[in-house]
Structures are given as structure tokens and as C-alpha cells.
Amino acid sequence: MAAATAAAYALLGLGALLLAGPPGYAAPLYPAAGLALAAVIVYGRAALPGVLVGAFAANASLGWLRGMQGLALAWVPLLIGIGAAAQAALGAWLARRYAGTPLVLDLPRDIARFALLAAGAACTLSPSVATLALTLAGVLDGARAPDNWVTWWLGDTLGVLIGAPLVLTLIGQPRADWRARRRTLSLPLLVALALLAAAIVAIDREEHVIERKALEHRVDRLALEVQERLQLPLFALHALHAAVLAAEPTRRPSERTLHSASAWWLQQPWRPRALGFSERVPRAGLAAYEARARAEGSPGFRVFQRDGGSALAADGEAVVLRRIEPLAGNAGALGVNALSIPAARAAILATRDSGQPAATAGFGLTQSSRDETGIVLYQALYDGEPQDAAARAGAFVGVVFVALGTEALLADLAPFTTEVAAAGGNALHWCLLDTDPEAGRVRLAGNMPCPAAAAPASLRARRPIAFGGRSLELQVRLAPGTPEQAKPDLWFLALAGLAATALLGALLLTVTGHTRRTELAVEAATAEQRREIGERRQVEQALRDSEARLRSILNYTPLGVALLDPEGALLDGNPGLYAMLGIAPAALRGRIMARTVHEDDRAALRQDYRELVAGHRALLRRQLRLVRADGSALPARIVAGPLRDDSG
């Protein structure tokens, strides 16, 4: 490591000194000082001998070329080498102490401290030692010494500001933080050093890279939010499907089941248009089906077709919309054969054969006074648990569905599209497209027309999104209109020279550091979100397992267990209770349980129950007789305790 440092230092140092031209011994830019500092920061004391040897070789070679003779050709370069090594050690200590460990230079505060201390302050050491040595050797007279010191200090300072970041992109630690900056930091600095007149072009190129990264980052956030919003109707569909499976053995939800399962979802901010159930009905049974629906409380119910009956004739069956929530505004859809609607037909057949949720293509919402696009999500219901497409088609009962307006679902994405002030860029224009060429409506939502207006590739992005078996695409572009930031022109860069290049390096350090911090923050936030989702799923599964175990215990215990309201009416019981009394569950629920007790025991039981409810006793124990359904008496011992909420 010391040998590599010495060779690199000697080549860079001698080249910079030769570019300074005779008779000077100091260069206005000395990148070897930056290399020395970077090597000591990364490799520690092991790099110091290499700095000393490299500085000695570079200055001895220059002294020989400048005509230096005698012992001065040895001791002057040696002192300069010691000064260079001491300066690198001091700069590394100051950088670690005040600019952070490990040194990543990703905050403006750390960059400023690095520039002021590790560059500006530490770089006074080598000029002082070198100027003193050259003056003592008679190479410099007193009049030239101050100019030499200033030039040496300026060259070392700019060399550290420019050279150290360049070298750190190659050897800096942590590697992940510095390796990502090789292109965005090193290239513009090298171009600026090679030809200041071409610096503007290099800056523009790098700024475009940074803008693209910022755009990609913002587009990723927007795409993630869109995907999360699109999950909401899927969650509603899963909840409705689960409610039907849990409450309806026939897989045909009652009006009460549908209302209970959909009430909460209909109050959500994204306002689903409807939740409902469509039932499979053979063609021959349509008349009887209509009569049954009218008898169940839908007097005007009739099955109708949207295609003149061609689908019904071809299929020999219909999938009839039987129930829908809310009924207001949707009553006109009751009775429609969903298979007669092309968009719905494709989705229903897809979910029937796959068992997975399926979405329709976009269509115009007839309930809306505006031109709004809607989508319907379907989930098949089966009699049993078929395992393949053919079996599913045979066991197919119907579908539950969720209808939604895509614009309403994605209406409040403004925080992701108007970050001009926060991100230093333009607002985002976006739209969500259906990539199916057969789709009736390609544009599903967005704040601009789709397809997007032409824009340079660096200012637009696309993200694929899967939803209900359909392939969607999010198109994003930067909105025009934000003025470009002012840049120094070529004349100013020519005058400012190397100082402007150093400032450019500081700017690029800040921007690339910000980009890196943003990437790490998003990765951390994503990991935390995944962790929270995993924990929530574990808790939900544990709760379901606990409820299942409790229900299993109650179902198979040989005792009778009853849950009563404060008035003594039965809310629920286990099979043991119903067997003991010989009464069916439906007949017993809601009855006052005291009526199942022998008449001679009721008065004492009522007194005990009142005391228990009033809180005068913690537990009720009593031996009594129960009256079974056949009139026989059943001796029993009851033990009862109150269940109280937080208010008592």
C-alpha cells in the first residue's frame, strides 16, 4: 500500500509541478495532496511512508530539473516530504474528528467542515514547511516567499477539495457510499480539470443524471402508492368473499350478509360504487328464479340482457346480479345478466376458471354525471373446493364483486406529484393506462392526458402494475414550466478556474450524498413497512387460531355453556347446552333462560342473577332443575360469572 501510494503521489505531484512551469516550485492545483489525504483516511498510518517517499521523489525530480544542486537536492525534498506526510496525517485526524466517521461527505455540514479544516486549515502545514526549506536553501528570496506560500496553500487546498473526493470514489469506505458516486462525481471533476471550458457540458450531463435519479425515485414512490391504493378494492373483495364463505354454506349471500360485509367499505374515502353478488342460473330456471326473487321482496325483479340475448343463447345460462349495496343509484342493475356485458363476461370467466380475483377493462360509469372510468373486480364462488379449471366451471355458483371509480381511488396523490419545492424539480404529470389493446378505455386515471405528450427520455418514466389479472402501466413525466437553475457561464468558469471546480466538487458531493441518503431512507421505510405487515399478519393469524381453538373447546365440551345478555336472554350457546335442553339453537337463542328452569327454582335464580348483574357477588353457584323440551326435569348445577366492559 505504501509503494502504491508513493508511485501515485510521485506521478501526480511531478505532473502538477511541471504544469506550473519554471521557475515556480508550487502549483495552483496539486491533486497529490488530495490523494495523500484520501490514502491516510482509508489506510491510516500505513500510507504515511508512501506519502513521504512520493513527495520526496516528486520534489527531488523537480529540484533536479530546476537546477538545484548539492545536499539541498536531498534535504529540501526530504523536509517537503515530511511536511506533506504531516499535513496528510493532520488533515485525516481533523476529517475524522469533525466531518464524521466513516467519512462519506453526504451532508452539507460535513462537507463544509471538511473544506475548512481538512483542506483549508490542515493545508497550511506543508506550505509553511516547504517555503521555509526553500528559503533556507536559497531557492526562494524573501520577496517571493509569501507568493510561494499562498500558491502552495491554494494548490494543496484545491487539490484536497478536488483530488480527495476523486480518490475516495475509488478506495473510500464504506464502499457502497462511495462507489455509487464514481460516475456522478468523478467524471465531471476530471472533465473540469482537463478543460475548464468544457465544464459546463460536463455539469449539464451530471445534473441530468441526478435529475433522472430523482425522477426515478419519485416515480418509484408514486408507483408504490398507486399499487397500495389498488390493493384497497382487492381487500374489500377478499373481505366480502370471506364473509360469504363464513356466513353462507350455500355460497349465496343473504341481503343481511351483504349489507353487513359492505357497510364499512362503503364509508371509506375512496367510495366504492357498489358491492354485490351475481348468481349462476340455468336458462331453463330463469322464470322460477325471477318468481323466487319477487317473493323474497323484490317485486319488480326481472332478468334482462344487454346484448339482445346472444350470450344467453350461446351459454345456456346466465350470471344474474341478485344483490347490490348500496341499492340507491344501483337498483337498475338488479337482474342484469353480467355475461351479456363483454367487459364483465371476460372477467367473470377468468375468475371462474382461475379462482383468483379478476378485473374488467375500464368502462364509463353510468351513475356519474361526469365522464368517469370504472372497473369491477370479481371473485368466483364455488360449491365445494374444486382443484382445476374444469371442476371449477362445474362447481361455479356465482361471483361477488366490487365496483369502483379509478379516478376517485387515485384522486389524492398530490403529495407525490407536486414536490417542486422539496425536490428541487418539476411537478409530476402521470396517468394509469390499461395495456390491453382491446380495452374500451385505455386511460384509467391521471392528472394528464394519456398517452403522455412527447417528452425527452430523461424526463419520463414507465412502471408496470398488475391488477386483478390485468396489465396496467403507470406513465410519468416531469411537468414543463420550471425554469432552469442558473449556471456559471464559461467566462466565469475561466476566471474562477480551479476554485470553481472545487465548488463544483462540493456541490456534487452534496447532491450525490442527498441521493444516497434518500435511497437508504426509502429502503429503510420499505423494510419497516414489510416488517409491520408481517407482524400484523402474524397477530391476525394468532387471533384466528385462538378463536378456532376456543370454538373447538366449546363445541366438544360435555358441559352446557351459555352467553346471556343483562336481561338473561340467550345470545349464544354451545352444542352441549342445546343437547341438554333438547331445543334447537334457532328456537333457544333470544329466549330468557330462566324459562328453561323449573318453576320452583326460578325465584331464587332470578334473585341470584340480579345480584350478579348488580355486582353484589362475583360468582353464582346453584343446584337447580332444568326443564327439557319434552317436559322432563334435568337436575343441574350452574356456575355463572359476569363479563364486564371498561365501564363496568
# chains A, B, ... in the order shown; residues from 1 in each chain; ligands from 1

call {"tool": "residues_around", "arguments": {"residues": "Leu275 of chain A", "least_positions_apart": "6", "cutoff": "6 Å", "atoms": "only C-alpha atoms", "output": "VMD selection string"}}
result
chain A and resid 324 to 325 401 to 402

call {"tool": "write_last_selection", "arguments": {"atoms": "C-alpha atoms", "output": "CSV table (one decimal), in the first residue's frame"}}
result
chain,number,residue,atom,x,y,z
A,324,ILE,CA,-76.1,-5.0,-4.6
A,325,GLU,CA,-75.1,-2.4,-2.0
A,401,PHE,CA,-67.9,-8.1,-6.9
A,402,VAL,CA,-66.7,-4.6,-6.0

call {"tool": "closest_residue", "arguments": {"among": "A:Leu161, A:Arg212, A:Gly142, A:Leu12", "to": "Ala38 of chain A", "atoms": "only C-alpha atoms"}}
result
A:Leu161

call {"tool": "closest_atom_pairs", "arguments": {"of": "segment 109-174 of chain A", "to": "segment 59-78 of chain A", "cutoff": "12 Å", "atoms": "only C-alpha atoms", "output": "Markdown table"}}
result
| residue | atom | partner | partner_atom | distance |
| --- | --- | --- | --- | --- |
| A:Ser126 | CA | A:Pro77 | CA | 11.7 |
| A:Val129 | CA | A:Val76 | CA | 9.7 |
| A:Ala130 | CA | A:Val76 | CA | 7.8 |
| A:Thr131 | CA | A:Val76 | CA | 9.9 |
| A:Leu132 | CA | A:Val76 | CA | 9.5 |
| A:Ala133 | CA | A:Val76 | CA | 5.8 |
| A:Leu134 | CA | A:Val76 | CA | 6.7 |
| A:Thr135 | CA | A:Val76 | CA | 9.9 |
| A:Leu136 | CA | A:Val76 | CA | 9.0 |
| A:Ala137 | CA | A:Ala72 | CA | 6.4 |
| A:Gly138 | CA | A:Ala72 | CA | 9.3 |
| A:Val139 | CA | A:Met68 | CA | 8.0 |
| A:Leu140 | CA | A:Met68 | CA | 11.6 |

call {"tool": "write_last_selection", "arguments": {"atoms": "C-alpha atoms", "output": "mmCIF file, in the first residue's frame"}}
result
data_model
loop_
_atom_site.group_PDB
_atom_site.id
_atom_site.type_symbol
_atom_site.label_atom_id
_atom_site.label_comp_id
_atom_site.auth_asym_id
_atom_site.auth_seq_id
_atom_site.Cartn_x
_atom_site.Cartn_y
_atom_site.Cartn_z
ATOM 1 C CA SER A 126 3.035 21.729 4.050
ATOM 2 C CA VAL A 129 7.494 23.727 5.891
ATOM 3 C CA ALA A 130 8.211 23.828 2.148
ATOM 4 C CA THR A 131 8.507 27.620 1.943
ATOM 5 C CA LEU A 132 10.823 27.657 4.961
ATOM 6 C CA ALA A 133 13.012 24.891 3.469
ATOM 7 C CA LEU A 134 13.225 26.576 0.052
ATOM 8 C CA THR A 135 14.016 29.919 1.663
ATOM 9 C CA LEU A 136 16.747 28.395 3.859
ATOM 10 C CA ALA A 137 18.207 26.653 0.807
ATOM 11 C CA GLY A 138 18.349 29.986 -1.031
ATOM 12 C CA VAL A 139 15.976 28.800 -3.741
ATOM 13 C CA LEU A 140 13.440 31.477 -2.785
#

call {"tool": "residues_around", "arguments": {"residues": "Pro642 of chain A", "least_positions_apart": "5", "cutoff": "12 Å", "atoms": "only C-alpha atoms", "output": "PDB file with C-alpha atoms, in the first residue's frame"}}
result
ATOM      1  CA  ALA A 562     -74.380 -20.109  27.544  1.00  0.00           C
ATOM      2  CA  LEU A 563     -73.746 -16.428  26.887  1.00  0.00           C
ATOM      3  CA  LEU A 564     -76.607 -14.222  28.220  1.00  0.00           C
ATOM      4  CA  ASP A 565     -77.371 -10.517  27.903  1.00  0.00           C
ATOM      5  CA  PRO A 566     -78.070  -8.457  31.080  1.00  0.00           C
ATOM      6  CA  GLY A 568     -80.992 -13.046  30.883  1.00  0.00           C
ATOM      7  CA  ASP A 608     -79.110 -14.559  42.335  1.00  0.00           C
ATOM      8  CA  TYR A 609     -78.924 -13.254  38.753  1.00  0.00           C
ATOM      9  CA  ARG A 610     -79.944  -9.716  39.797  1.00  0.00           C
ATOM     10  CA  GLU A 611     -77.262  -9.675  42.482  1.00  0.00           C
ATOM     11  CA  LEU A 612     -74.701 -10.965  39.998  1.00  0.00           C
ATOM     12  CA  VAL A 613     -75.535  -8.312  37.389  1.00  0.00           C
ATOM     13  CA  ALA A 614     -75.590  -5.566  40.040  1.00  0.00           C
ATOM     14  CA  GLY A 615     -72.098  -6.555  41.133  1.00  0.00           C
ATOM     15  CA  HIS A 616     -73.074  -7.666  44.657  1.00  0.00           C
ATOM     16  CA  ARG A 617     -71.499 -11.038  44.109  1.00  0.00           C
ATOM     17  CA  ALA A 618     -68.658 -12.211  41.896  1.00  0.00           C
ATOM     18  CA  LEU A 619     -69.946 -15.690  41.087  1.00  0.00           C
ATOM     19  CA  LEU A 620     -73.281 -17.517  41.020  1.00  0.00           C
ATOM     20  CA  GLY A 648     -68.349  -1.894  34.390  1.00  0.00           C
TER      21      GLY A 648
END

call {"tool": "residues_around", "arguments": {"residues": "Gly316 of chain A", "least_positions_apart": "4", "cutoff": "12 Å", "atoms": "only C-alpha atoms", "output": "VMD selection string"}}
result
chain A and resid 280 to 286 309 to 312 337 339 to 340

call {"tool": "closest_residue", "arguments": {"among": "A:Pro188, A:Gly83, A:Pro28, A:Gly405", "to": "Pro49 of chain A", "atoms": "only C-alpha atoms"}}
result
A:Gly83

call {"tool": "residues_around", "arguments": {"residues": "segment 255-267 of chain A", "least_positions_apart": "5", "cutoff": "10 Å", "atoms": "only C-alpha atoms", "output": "tab-separated table (two decimals) with N, CA and C atoms, in the first residue's frame"}}
result
chain	number	residue	atom	x	y	z
A	232	LEU	N	-56.74	-1.62	-2.16
A	232	LEU	CA	-57.92	-1.37	-1.33
A	232	LEU	C	-59.16	-2.09	-1.85
A	233	PRO	N	-59.52	-1.96	-3.12
A	233	PRO	CA	-60.69	-2.72	-3.59
A	233	PRO	C	-60.48	-4.23	-3.54
A	235	PHE	N	-58.80	-5.72	-1.16
A	235	PHE	CA	-59.08	-6.05	0.24
A	235	PHE	C	-60.59	-6.12	0.48
A	236	ALA	N	-61.32	-5.16	-0.09
A	236	ALA	CA	-62.78	-5.18	0.07
A	236	ALA	C	-63.37	-6.45	-0.54
A	237	LEU	N	-62.88	-6.84	-1.71
A	237	LEU	CA	-63.38	-8.05	-2.36
A	237	LEU	C	-63.07	-9.28	-1.52
A	239	ALA	N	-62.61	-9.37	1.68
A	239	ALA	CA	-63.45	-9.34	2.89
A	239	ALA	C	-64.87	-9.81	2.58
A	240	LEU	N	-65.42	-9.35	1.47
A	240	LEU	CA	-66.77	-9.78	1.08
A	240	LEU	C	-66.80	-11.27	0.79
A	241	HIS	N	-65.79	-11.77	0.10
A	241	HIS	CA	-65.72	-13.20	-0.22
A	241	HIS	C	-65.64	-14.02	1.07
A	242	ALA	N	-64.78	-13.57	2.00
A	242	ALA	CA	-64.63	-14.30	3.25
A	242	ALA	C	-65.92	-14.28	4.07
A	243	ALA	N	-66.62	-13.15	4.05
A	243	ALA	CA	-67.88	-13.06	4.81
A	243	ALA	C	-68.91	-14.03	4.26
A	244	VAL	N	-68.98	-14.15	2.94
A	244	VAL	CA	-69.94	-15.07	2.33
A	244	VAL	C	-69.57	-16.51	2.68
A	246	ALA	N	-67.97	-17.57	5.23
A	246	ALA	CA	-68.16	-17.84	6.65
A	246	ALA	C	-69.62	-17.92	7.05
A	247	ALA	N	-70.48	-17.11	6.39
A	247	ALA	CA	-71.86	-17.00	6.85
A	247	ALA	C	-72.86	-17.81	6.04
A	248	GLU	N	-72.50	-18.19	4.82
A	248	GLU	CA	-73.48	-18.81	3.93
A	248	GLU	C	-72.97	-20.16	3.40
A	272	PRO	N	-66.21	3.08	-2.85
A	272	PRO	CA	-66.56	2.09	-3.87
A	272	PRO	C	-67.98	2.34	-4.36
A	273	ARG	N	-68.19	2.13	-5.66
A	273	ARG	CA	-69.51	2.38	-6.23
A	273	ARG	C	-70.54	1.36	-5.80
A	274	ALA	N	-70.10	0.12	-5.66
A	274	ALA	CA	-71.06	-0.93	-5.29
A	274	ALA	C	-70.31	-2.18	-4.88
A	275	LEU	N	-70.95	-2.97	-4.01
A	275	LEU	CA	-70.53	-4.32	-3.68
A	275	LEU	C	-71.75	-5.21	-3.86
A	276	GLY	N	-71.57	-6.39	-4.41
A	276	GLY	CA	-72.74	-7.20	-4.65
A	276	GLY	C	-72.45	-8.64	-4.98
A	277	PHE	N	-73.53	-9.34	-5.39
A	277	PHE	CA	-73.46	-10.76	-5.67
A	277	PHE	C	-74.27	-11.05	-6.93
A	322	ARG	N	-77.97	-10.39	-8.38
A	322	ARG	CA	-79.07	-10.64	-7.45
A	322	ARG	C	-79.11	-9.63	-6.31
A	323	ARG	N	-77.95	-9.27	-5.78
A	323	ARG	CA	-77.94	-8.34	-4.64
A	323	ARG	C	-76.84	-7.31	-4.86
A	324	ILE	N	-77.10	-6.07	-4.39
A	324	ILE	CA	-76.12	-5.00	-4.56
A	324	ILE	C	-76.28	-3.99	-3.44
A	325	GLU	N	-75.15	-3.46	-2.97
A	325	GLU	CA	-75.12	-2.41	-1.96
A	325	GLU	C	-74.23	-1.29	-2.47
A	326	PRO	N	-74.62	-0.01	-2.34
A	326	PRO	CA	-75.93	0.43	-1.86
A	326	PRO	C	-76.96	0.27	-2.97
A	400	VAL	N	-68.96	-12.66	-6.24
A	400	VAL	CA	-69.10	-11.41	-5.50
A	400	VAL	C	-68.26	-10.38	-6.24
A	402	VAL	N	-66.84	-5.99	-6.53
A	402	VAL	CA	-66.66	-4.63	-6.04
A	402	VAL	C	-66.50	-3.73	-7.26

call {"tool": "closest_residue", "arguments": {"among": "A:Leu365, A:Leu605, A:Ile553, A:Gln623", "to": "Ile638 of chain A", "atoms": "only C-alpha atoms"}}
result
A:Gln623

call {"tool": "residues_around", "arguments": {"residues": "Ala47 of chain A", "least_positions_apart": "2", "cutoff": "8 Å", "atoms": "only C-alpha atoms", "output": "number ranges by chain"}}
result
A: 1-2, 5, 36, 39-40, 43-45, 49-51

call {"tool": "write_last_selection", "arguments": {"atoms": "N, CA and C atoms", "output": "short mmCIF file (atom, residue, chain, number, x, y, z; two decimals), in the first residue's frame"}}
result
data_model
loop_
_atom_site.label_atom_id
_atom_site.label_comp_id
_atom_site.auth_asym_id
_atom_site.auth_seq_id
_atom_site.Cartn_x
_atom_site.Cartn_y
_atom_site.Cartn_z
N MET A 1 0.83 -1.21 0.00
CA MET A 1 0.00 0.00 0.00
C MET A 1 0.86 1.25 0.00
N ALA A 2 1.94 1.24 0.80
CA ALA A 2 2.85 2.39 0.83
C ALA A 2 3.50 2.60 -0.53
N THR A 5 0.97 4.07 -2.95
CA THR A 5 0.75 5.48 -2.62
C THR A 5 1.92 6.33 -3.09
N ALA A 36 -2.97 12.00 -1.05
CA ALA A 36 -2.33 11.67 0.23
C ALA A 36 -3.35 11.64 1.36
N ALA A 39 -5.65 8.57 1.04
CA ALA A 39 -4.95 7.33 1.39
C ALA A 39 -4.81 7.18 2.90
N VAL A 40 -4.47 8.28 3.59
CA VAL A 40 -4.32 8.20 5.05
C VAL A 40 -5.67 8.00 5.73
N TYR A 43 -6.41 4.13 4.74
CA TYR A 43 -5.45 3.10 5.15
C TYR A 43 -4.69 3.45 6.42
N GLY A 44 -4.88 4.65 6.95
CA GLY A 44 -4.25 5.02 8.20
C GLY A 44 -2.76 5.25 8.07
N ARG A 45 -2.02 4.97 9.14
CA ARG A 45 -0.58 5.25 9.20
C ARG A 45 0.22 4.49 8.16
N PRO A 49 4.31 6.51 5.06
CA PRO A 49 5.62 6.37 4.39
C PRO A 49 5.53 6.56 2.89
N GLY A 50 4.44 6.08 2.29
CA GLY A 50 4.27 6.27 0.85
C GLY A 50 4.13 7.74 0.49
N VAL A 51 3.41 8.53 1.33
CA VAL A 51 3.29 9.97 1.08
C VAL A 51 4.66 10.64 1.15
#

call {"tool": "select_by_dssp", "arguments": {"residues": "segment 291-465 of chain A", "states": "helix (DSSP H, G or I)", "output": "VMD selection string"}}
result
chain A and resid 291 to 295 310 to 315 331 to 333 338 to 340 342 to 354 389 to 395 406 to 409 414 to 417 420 to 423 457 to 459

call {"tool": "residues_around", "arguments": {"residues": "Trp430 of chain A", "least_positions_apart": "3", "cutoff": "6 Å", "atoms": "only C-alpha atoms", "output": "list in words"}}
result
Gly446, Asn447, Gln475 and Val476 of chain A

call {"tool": "write_last_selection", "arguments": {"atoms": "N, CA and C atoms", "output": "short mmCIF file (atom, residue, chain, number, x, y, z; two decimals), in the first residue's frame"}}
result
data_model
loop_
_atom_site.label_atom_id
_atom_site.label_comp_id
_atom_site.auth_asym_id
_atom_site.auth_seq_id
_atom_site.Cartn_x
_atom_site.Cartn_y
_atom_site.Cartn_z
N GLY A 446 -55.48 9.73 -13.83
CA GLY A 446 -54.28 10.53 -14.00
C GLY A 446 -54.56 12.01 -13.96
N ASN A 447 -53.48 12.81 -13.96
CA ASN A 447 -53.62 14.26 -13.98
C ASN A 447 -53.13 14.84 -15.30
N GLN A 475 -47.56 5.83 -16.48
CA GLN A 475 -46.70 6.71 -17.27
C GLN A 475 -46.53 8.02 -16.51
N VAL A 476 -45.28 8.47 -16.40
CA VAL A 476 -44.96 9.67 -15.63
C VAL A 476 -44.00 10.52 -16.44
#

call {"tool": "closest_residue", "arguments": {"among": "A:Glu540, A:Glu225, A:Asp412, A:Asp600", "to": "Pro269 of chain A", "atoms": "only C-alpha atoms"}}
result
A:Asp412

call {"tool": "atom_distance", "arguments": {"atom1": "atom CA of Pro342 of chain A", "atom2": "atom CA of Ala390 of chain A"}}
result
21.9 Å

call {"tool": "decode", "arguments": {"residues": "segment 225-263 of chain A", "atoms": "C-alpha atoms", "output": "PDB file, in the first residue's frame"}}
result
ATOM      1  CA  GLU A 225     -48.577   4.399  -3.690  1.00  0.00           C
ATOM      2  CA  VAL A 226     -50.667   3.538  -6.760  1.00  0.00           C
ATOM      3  CA  GLN A 227     -50.153  -0.169  -6.082  1.00  0.00           C
ATOM      4  CA  GLU A 228     -51.164   0.301  -2.452  1.00  0.00           C
ATOM      5  CA  ARG A 229     -54.311   2.199  -3.487  1.00  0.00           C
ATOM      6  CA  LEU A 230     -55.223  -0.530  -5.963  1.00  0.00           C
ATOM      7  CA  GLN A 231     -54.995  -3.046  -3.130  1.00  0.00           C
ATOM      8  CA  LEU A 232     -57.921  -1.374  -1.326  1.00  0.00           C
ATOM      9  CA  PRO A 233     -60.693  -2.716  -3.591  1.00  0.00           C
ATOM     10  CA  LEU A 234     -58.960  -6.107  -3.552  1.00  0.00           C
ATOM     11  CA  PHE A 235     -59.079  -6.049   0.240  1.00  0.00           C
ATOM     12  CA  ALA A 236     -62.776  -5.179   0.073  1.00  0.00           C
ATOM     13  CA  LEU A 237     -63.377  -8.055  -2.362  1.00  0.00           C
ATOM     14  CA  HIS A 238     -61.476 -10.504  -0.153  1.00  0.00           C
ATOM     15  CA  ALA A 239     -63.446  -9.336   2.888  1.00  0.00           C
ATOM     16  CA  LEU A 240     -66.766  -9.779   1.080  1.00  0.00           C
ATOM     17  CA  HIS A 241     -65.720 -13.196  -0.215  1.00  0.00           C
ATOM     18  CA  ALA A 242     -64.630 -14.304   3.255  1.00  0.00           C
ATOM     19  CA  ALA A 243     -67.876 -13.064   4.810  1.00  0.00           C
ATOM     20  CA  VAL A 244     -69.936 -15.075   2.333  1.00  0.00           C
ATOM     21  CA  LEU A 245     -67.871 -18.229   2.906  1.00  0.00           C
ATOM     22  CA  ALA A 246     -68.155 -17.839   6.655  1.00  0.00           C
ATOM     23  CA  ALA A 247     -71.864 -17.000   6.849  1.00  0.00           C
ATOM     24  CA  GLU A 248     -73.478 -18.810   3.928  1.00  0.00           C
ATOM     25  CA  PRO A 249     -73.000 -22.569   3.478  1.00  0.00           C
ATOM     26  CA  THR A 250     -74.832 -22.320   0.156  1.00  0.00           C
ATOM     27  CA  ARG A 251     -72.390 -19.640  -1.031  1.00  0.00           C
ATOM     28  CA  ARG A 252     -75.380 -17.416  -1.802  1.00  0.00           C
ATOM     29  CA  PRO A 253     -75.283 -14.365   0.495  1.00  0.00           C
ATOM     30  CA  SER A 254     -78.439 -13.067   2.058  1.00  0.00           C
ATOM     31  CA  GLU A 255     -79.299  -9.393   1.983  1.00  0.00           C
ATOM     32  CA  ARG A 256     -78.248  -9.133   5.615  1.00  0.00           C
ATOM     33  CA  THR A 257     -74.861 -10.759   4.986  1.00  0.00           C
ATOM     34  CA  LEU A 258     -74.123  -8.487   2.047  1.00  0.00           C
ATOM     35  CA  HIS A 259     -75.162  -5.377   3.946  1.00  0.00           C
ATOM     36  CA  SER A 260     -73.043  -6.284   6.972  1.00  0.00           C
ATOM     37  CA  ALA A 261     -69.982  -7.110   4.889  1.00  0.00           C
ATOM     38  CA  SER A 262     -70.153  -3.973   2.737  1.00  0.00           C
ATOM     39  CA  ALA A 263     -71.224  -1.273   5.215  1.00  0.00           C
TER      40      ALA A 263
END
